[in-house]
file upload_21.pdb (PDB, C-alpha atoms)
ATOM      1  CA  MET W1125       5.990  43.379  16.432
ATOM      2  CA  LYS W1126       6.343  43.698  20.220
ATOM      3  CA  THR W1127       4.150  41.604  22.448
ATOM      4  CA  SER W1128       2.349  43.438  25.229
ATOM      5  CA  PRO W1129       2.339  41.831  28.722
ATOM      6  CA  GLU W1130      -1.341  40.842  28.394
ATOM      7  CA  ASN W1131      -0.508  38.920  25.194
ATOM      8  CA  VAL W1132       2.289  36.945  26.883
ATOM      9  CA  ARG W1133       1.558  33.684  28.646
ATOM     10  CA  GLN W1134       3.598  31.150  30.624
ATOM     11  CA  CYS W1135       3.266  27.408  30.036
ATOM     12  CA  SER W1136       2.080  25.562  33.131
ATOM     13  CA  LYS W1137       4.058  22.458  32.093
ATOM     14  CA  CYS W1138       7.510  23.613  30.953
ATOM     15  CA  GLY W1139       7.508  27.254  32.093
ATOM     16  CA  HIS W1140       8.026  28.650  28.577
ATOM     17  CA  GLN W1141       7.002  32.301  28.225
ATOM     18  CA  GLY W1142       5.838  33.499  24.839
ATOM     19  CA  PRO W1143       3.131  35.138  22.751
ATOM     20  CA  LEU W1144      -0.372  33.690  22.590
ATOM     21  CA  GLU W1145       0.417  32.114  19.182
ATOM     22  CA  ASP W1146       2.741  29.667  21.013
ATOM     23  CA  PHE W1147      -0.230  28.228  22.942
ATOM     24  CA  THR W1148      -3.015  25.935  21.749
ATOM     25  CA  LYS W1149      -6.477  27.353  21.101
ATOM     26  CA  GLN W1150      -9.319  27.001  23.625
ATOM     27  CA  ARG W1151     -12.576  28.913  23.142
ATOM     28  CA  SER W1152     -13.609  28.762  26.798
ATOM     29  CA  SER W1153     -10.377  30.440  27.967
ATOM     30  CA  ALA W1154     -10.330  34.199  28.596
ATOM     31  CA  LEU W1155      -7.820  34.936  25.815
ATOM     32  CA  GLY W1156      -8.885  32.010  23.647
ATOM     33  CA  ARG W1157      -5.702  30.024  24.442
ATOM     34  CA  THR W1158      -4.797  27.332  26.991
ATOM     35  CA  HIS W1159      -2.045  27.624  29.617
ATOM     36  CA  VAL W1160      -0.107  24.784  27.890
ATOM     37  CA  CYS W1161       2.265  25.593  24.995
ATOM     38  CA  CYS W1162       1.980  23.894  21.604
ATOM     39  CA  LYS W1163       5.108  21.756  22.165
ATOM     40  CA  CYS W1164       3.826  20.353  25.470
ATOM     41  CA  SER W1165       0.358  19.742  23.944
ATOM     42  CA  ALA W1166       1.922  17.846  21.026
ATOM     43  CA  ALA W1167       4.055  15.757  23.405
ATOM     44  CA  ARG W1168       0.984  14.910  25.502
ATOM     45  CA  ALA W1169      -0.964  13.929  22.372
ATOM     46  CA  ARG W1170       1.899  11.665  21.214
ATOM     47  CA  GLU W1171       2.040   9.954  24.622
ATOM     48  CA  TYR W1172      -1.734   9.413  24.635
ATOM     49  CA  ARG W1173      -1.664   7.971  21.107
ATOM     50  CA  ALA W1174       1.193   5.611  22.045
ATOM     51  CA  ARG W1175      -0.782   4.350  25.068
ATOM     52  CA  ASN W1176      -4.095   4.009  23.172
ATOM     53  CA  LEU W1177      -2.926   3.225  19.639
ATOM     54  CA  GLU W1178      -5.695   0.777  18.643
ATOM     55  CA  ALA W1179      -8.489   2.979  20.030
ATOM     56  CA  CYS W1180      -7.072   6.014  18.169
ATOM     57  CA  LYS W1181      -6.822   4.064  14.924
ATOM     58  CA  GLU W1182     -10.384   2.775  15.256
ATOM     59  CA  ARG W1183     -11.687   6.284  16.008
ATOM     60  CA  GLY W1184      -9.833   7.609  12.954
ATOM     61  CA  ARG W1185     -11.273   4.838  10.729
ATOM     62  CA  ARG W1186     -14.808   5.578  11.948
ATOM     63  CA  TRP W1187     -14.393   9.299  11.310
ATOM     64  CA  HIS W1188     -13.098   8.680   7.776
ATOM     65  CA  GLN W1189     -16.036   6.382   6.998
ATOM     66  CA  GLU W1190     -18.604   8.865   8.355
ATOM     67  CA  HIS W1191     -16.959  11.934   6.727
ATOM     68  CA  ARG W1192     -15.550  10.390   3.550
ATOM     69  CA  GLU W1193     -16.122  13.422   1.289
ATOM     70  CA  VAL W1194     -14.625  15.856   3.814
ATOM     71  CA  ALA W1195     -11.590  13.600   4.314
ATOM     72  CA  LEU W1196     -11.009  13.245   0.547
ATOM     73  CA  LYS W1197     -11.281  17.005   0.062
ATOM     74  CA  LYS W1198      -8.744  17.608   2.851
ATOM     75  CA  MET W1199      -6.371  15.048   1.354
ATOM     76  CA  ARG W1200      -6.654  16.624  -2.115
ATOM     77  CA  LEU W1201      -5.955  20.115  -0.743
ATOM     78  CA  TYR W1202      -3.015  18.867   1.325
ATOM     79  CA  ARG W1203      -1.528  17.087  -1.695
ATOM     80  CA  LEU W1204      -1.859  20.238  -3.808
ATOM     81  CA  GLU W1205       0.024  22.257  -1.191
ATOM     82  CA  HIS W1206       2.619  19.651  -0.168
ATOM     83  CA  GLY W1207       2.816  17.358  -3.213
ATOM     84  CA  GLU W1208       6.563  17.681  -3.795
ATOM     85  CA  VAL W1209       7.442  17.044  -0.141
ATOM     86  CA  MET W1210       5.108  14.018  -0.037
ATOM     87  CA  ASN W1211       6.641  12.570  -3.213
ATOM     88  CA  GLU W1212      10.159  13.023  -1.860
ATOM     89  CA  ASN W1213       9.248  11.424   1.487
ATOM     90  CA  THR W1214       7.640   8.484  -0.332
ATOM     91  CA  ARG W1215      10.697   8.061  -2.556
ATOM     92  CA  LEU W1216      13.060   8.051   0.465
ATOM     93  CA  TRP W1217      10.855   5.578   2.384
ATOM     94  CA  ARG W1218      10.806   3.202  -0.595
ATOM     95  CA  LEU W1219      14.602   3.337  -0.851
ATOM     96  CA  GLU W1220      15.072   2.683   2.878
ATOM     97  CA  ASN W1221      12.372  -0.032   3.085
ATOM     98  CA  ARG W1222      12.710  -1.693  -0.318
ATOM     99  CA  ASP W1223      11.630  -5.199   0.757
ATOM    100  CA  ALA W1224       8.542  -3.948   2.606
ATOM    101  CA  TYR W1225       7.644  -1.687  -0.327
ATOM    102  CA  LEU W1226       7.966  -4.483  -2.912
ATOM    103  CA  ALA W1227       5.883  -6.866  -0.771
ATOM    104  CA  SER W1228       3.201  -4.197  -0.299
ATOM    105  CA  ALA W1229       3.182  -3.327  -4.019
ATOM    106  CA  LYS W1230       2.853  -7.012  -4.915
ATOM    107  CA  ARG W1231      -0.134  -7.448  -2.552
ATOM    108  CA  SER W1232      -1.808  -4.306  -3.914
ATOM    109  CA  ALA W1233      -1.284  -5.393  -7.525
ATOM    110  CA  LYS W1234      -2.718  -8.838  -6.761
ATOM    111  CA  ARG W1235      -5.810  -7.344  -5.075
ATOM    112  CA  TRP W1236      -6.351  -4.956  -7.994
ATOM    113  CA  THR W1237      -5.939  -7.758 -10.562
ATOM    114  CA  GLN W1238      -8.498  -9.928  -8.725
ATOM    115  CA  ALA W1239     -10.949  -7.017  -8.472
ATOM    116  CA  HIS W1240     -10.535  -5.948 -12.144
ATOM    117  CA  PRO W1241      -9.722  -9.096 -14.202
ATOM    118  CA  GLU W1242     -10.928  -7.643 -17.541
ATOM    119  CA  ARG W1243      -8.848  -4.485 -17.190
ATOM    120  CA  ALA W1244      -5.819  -6.524 -16.053
ATOM    121  CA  ASN W1245      -6.068  -8.814 -19.105
ATOM    122  CA  ALA W1246      -6.437  -5.803 -21.407
ATOM    123  CA  ALA W1247      -3.350  -4.207 -19.841
ATOM    124  CA  ARG W1248      -1.366  -7.440 -20.336
ATOM    125  CA  ARG W1249      -2.434  -7.600 -23.987
ATOM    126  CA  ARG W1250      -1.448  -3.958 -24.562
ATOM    127  CA  TYR W1251       1.934  -4.585 -22.932
ATOM    128  CA  ALA W1252       2.529  -7.708 -25.045
ATOM    129  CA  GLU W1253       1.617  -5.832 -28.220
ATOM    130  CA  SER W1254       3.903  -2.901 -27.430
ATOM    131  CA  HIS W1255       6.864  -5.110 -26.274
ATOM    132  CA  PRO W1256       6.851  -8.111 -28.686
ATOM    133  CA  GLU W1257      10.642  -8.547 -28.628
ATOM    134  CA  LEU W1258      10.767  -8.651 -24.837
ATOM    135  CA  ILE W1259       7.914 -11.188 -24.641
ATOM    136  CA  ARG W1260       9.628 -13.336 -27.279
ATOM    137  CA  ASN W1261      12.893 -13.318 -25.299
ATOM    138  CA  VAL W1262      11.135 -14.290 -22.064
ATOM    139  CA  LYS W1263       9.320 -17.163 -23.777
ATOM    140  CA  SER W1264      12.525 -18.457 -25.386
ATOM    141  CA  ARG W1265      14.336 -18.345 -22.012
ATOM    142  CA  TYR W1266      11.435 -20.231 -20.410
ATOM    143  CA  ARG W1267      11.484 -22.907 -23.125
ATOM    144  CA  HIS W1268      15.172 -23.619 -22.474
ATOM    145  CA  LEU W1269      14.397 -24.402 -18.835
ATOM    146  CA  ILE W1270      12.260 -27.419 -19.803
ATOM    147  CA  LYS W1271      13.898 -30.487 -21.281
ATOM    148  CA  PRO W1272      12.588 -31.463 -24.744
ATOM    149  CA  GLU W1273      11.265 -34.784 -23.426
ATOM    150  CA  ASP W1274       9.407 -32.994 -20.597
ATOM    151  CA  ALA W1275       7.784 -30.597 -23.040
ATOM    152  CA  GLN W1276       5.655 -33.490 -24.276
ATOM    153  CA  ALA W1277       4.010 -33.509 -20.838
ATOM    154  CA  HIS W1278       1.911 -30.582 -22.095
ATOM    155  CA  PHE W1279      -0.089 -33.078 -24.137
ATOM    156  CA  ARG W1280      -0.321 -35.625 -21.299
ATOM    157  CA  ARG W1281      -3.659 -36.098 -19.530
ATOM    158  CA  TRP W1282      -3.972 -34.364 -16.168
ATOM    159  CA  GLU W1283      -3.735 -36.772 -13.229
ATOM    160  CA  GLU W1284      -5.665 -36.267  -9.983
ATOM    161  CA  ALA W1285      -2.397 -35.684  -8.085
ATOM    162  CA  ASP W1286      -1.497 -32.907 -10.550
ATOM    163  CA  ASP W1287      -4.898 -31.266 -10.036
ATOM    164  CA  ILE W1288      -4.525 -31.359  -6.230
ATOM    165  CA  LEU W1289      -1.043 -29.841  -6.448
ATOM    166  CA  LEU W1290      -2.324 -27.194  -8.867
ATOM    167  CA  LEU W1291      -5.153 -26.136  -6.539
ATOM    168  CA  ARG W1292      -2.955 -26.061  -3.424
ATOM    169  CA  TRP W1293       0.047 -24.372  -5.063
ATOM    170  CA  THR W1294       0.919 -20.968  -3.542
ATOM    171  CA  GLY W1295       4.133 -20.243  -5.462
ATOM    172  CA  SER W1296       4.494 -18.774  -8.934
ATOM    173  CA  THR W1297       2.950 -20.378 -12.033
ATOM    174  CA  LYS W1298       6.414 -20.542 -13.580
ATOM    175  CA  GLU W1299       7.757 -22.680 -10.704
ATOM    176  CA  LEU W1300       4.766 -25.004 -10.929
ATOM    177  CA  ALA W1301       5.233 -25.300 -14.705
ATOM    178  CA  LEU W1302       8.843 -26.354 -14.197
ATOM    179  CA  ARG W1303       7.845 -28.814 -11.485
ATOM    180  CA  LEU W1304       5.130 -30.463 -13.603
ATOM    181  CA  GLY W1305       6.983 -30.062 -16.902
ATOM    182  CA  ARG W1306       4.054 -28.218 -18.481
ATOM    183  CA  THR W1307       3.635 -24.829 -20.103
ATOM    184  CA  MET W1308       2.364 -21.874 -18.103
ATOM    185  CA  SER W1309      -0.604 -21.431 -20.456
ATOM    186  CA  SER W1310      -1.735 -25.054 -19.935
ATOM    187  CA  ILE W1311      -1.526 -24.624 -16.151
ATOM    188  CA  THR W1312      -3.531 -21.391 -16.288
ATOM    189  CA  ALA W1313      -6.170 -23.025 -18.489
ATOM    190  CA  ARG W1314      -6.401 -26.105 -16.241
ATOM    191  CA  ARG W1315      -6.736 -23.971 -13.097
ATOM    192  CA  HIS W1316      -9.518 -21.975 -14.769
ATOM    193  CA  ASN W1317     -11.374 -25.189 -15.750
ATOM    194  CA  LEU W1318     -11.040 -26.671 -12.264
ATOM    195  CA  LYS W1319     -12.473 -23.554 -10.645
ATOM    196  CA  LYS W1320     -15.474 -23.698 -12.989
ATOM    197  CA  GLU W1321     -16.219 -27.335 -12.083
TER
END
call {"tool": "encode", "arguments": {"input": "upload_21.pdb", "output": "structure tokens"}}
result
Amino acid sequence: MKTSPENVRQCSKCGHQGPLEDFTKQRSSALGRTHVCCKCSAARAREYRARNLEACKERGRRWHQEHREVALKKMRLYRLEHGEVMNENTRLWRLENRDAYLASAKRSAKRWTQAHPERANAARRRYAESHPELIRNVKSRYRHLIKPEDAQAHFRRWEEADDILLLRWTGSTKELALRLGRTMSSITARRHNLKKE
């Protein structure tokens, strides 16, 4: 389809000449298009966002909160149309940024577990029931890490120093169990009791 001279416009920024479709929309303009081409408009928008990143993010957050249903509908429609591309991009990002992805996944899982403790416990029980051999192997490996004489510490009374360490501990329960010479279940139970007190 040939473009007639009245449907051709020249960009005031880069000098590009092209059909009206190459220019951004503007209702107040005579032909409904600006005198700046789409590429120059996109470049200007990127520069503005880079200069005002926090303000743009805050404006976006406010819009999403005020128009939650509209935003969710748009996201659902976009995913239906571009689902495969999105999945591939996500897969590539996770491969290239493995450490960041694992840290983010760990934080998300922890937040979800804290928000839904009953569902998390039910999921753990289902996993244990469907993988009994794996759970048995993990437990036997864990038992070998503790010396037989230290295993008796499970039946030892909890000292105040142990309680303080338990409440301040930020590492894994397994590491704490090895440090105190106690089982993971006893540490979990003690932590639960201390939080109730």
call {"tool": "atom_distance", "arguments": {"input": "upload_21.pdb", "atom1": "atom CA of Arg1306 of chain W", "atom2": "atom CA of Ala1285 of chain W"}}
result
14.3 Å
call {"tool": "residues_around", "arguments": {"input": "upload_21.pdb", "residues": "segment 1310-1314 of chain W", "least_positions_apart": "5", "cutoff": "9 Å", "atoms": "all atoms listed in the file", "output": "MDAnalysis selection string"}}
result
chainID W and resid 1278 1282 1287 1290 1297 1300:1301 1319
call {"tool": "atom_distance", "arguments": {"input": "upload_21.pdb", "atom1": "atom CA of Ala1244 of chain W", "atom2": "atom CA of Ser1296 of chain W"}}
result
17.5 Å
call {"tool": "residues_around", "arguments": {"input": "upload_21.pdb", "residues": "segment 1158-1164 of chain W", "least_positions_apart": "3", "cutoff": "7 Å", "atoms": "all atoms listed in the file", "output": "list of chain:residue names"}}
result
W:Gln1134, W:Cys1135, W:Ser1136, W:Lys1137, W:Asp1146, W:Phe1147, W:Thr1148, W:Lys1149, W:Gln1150, W:Ser1153, W:Ala1167, W:Arg1168
call {"tool": "atom_distance", "arguments": {"input": "upload_21.pdb", "atom1": "atom CA of Leu1291 of chain W", "atom2": "atom CA of Lys1320 of chain W"}}
result
12.4 Å
call {"tool": "axis_aligned_box", "arguments": {"input": "upload_21.pdb", "around": "segment 1143-1162 of chain W", "padding_each_side": "5 Å", "output": "AutoDock Vina command-line options"}}
result
--center_x -5.2 --center_y 29.5 --center_z 24.4 --size_x 26.7 --size_y 21.2 --size_z 20.4
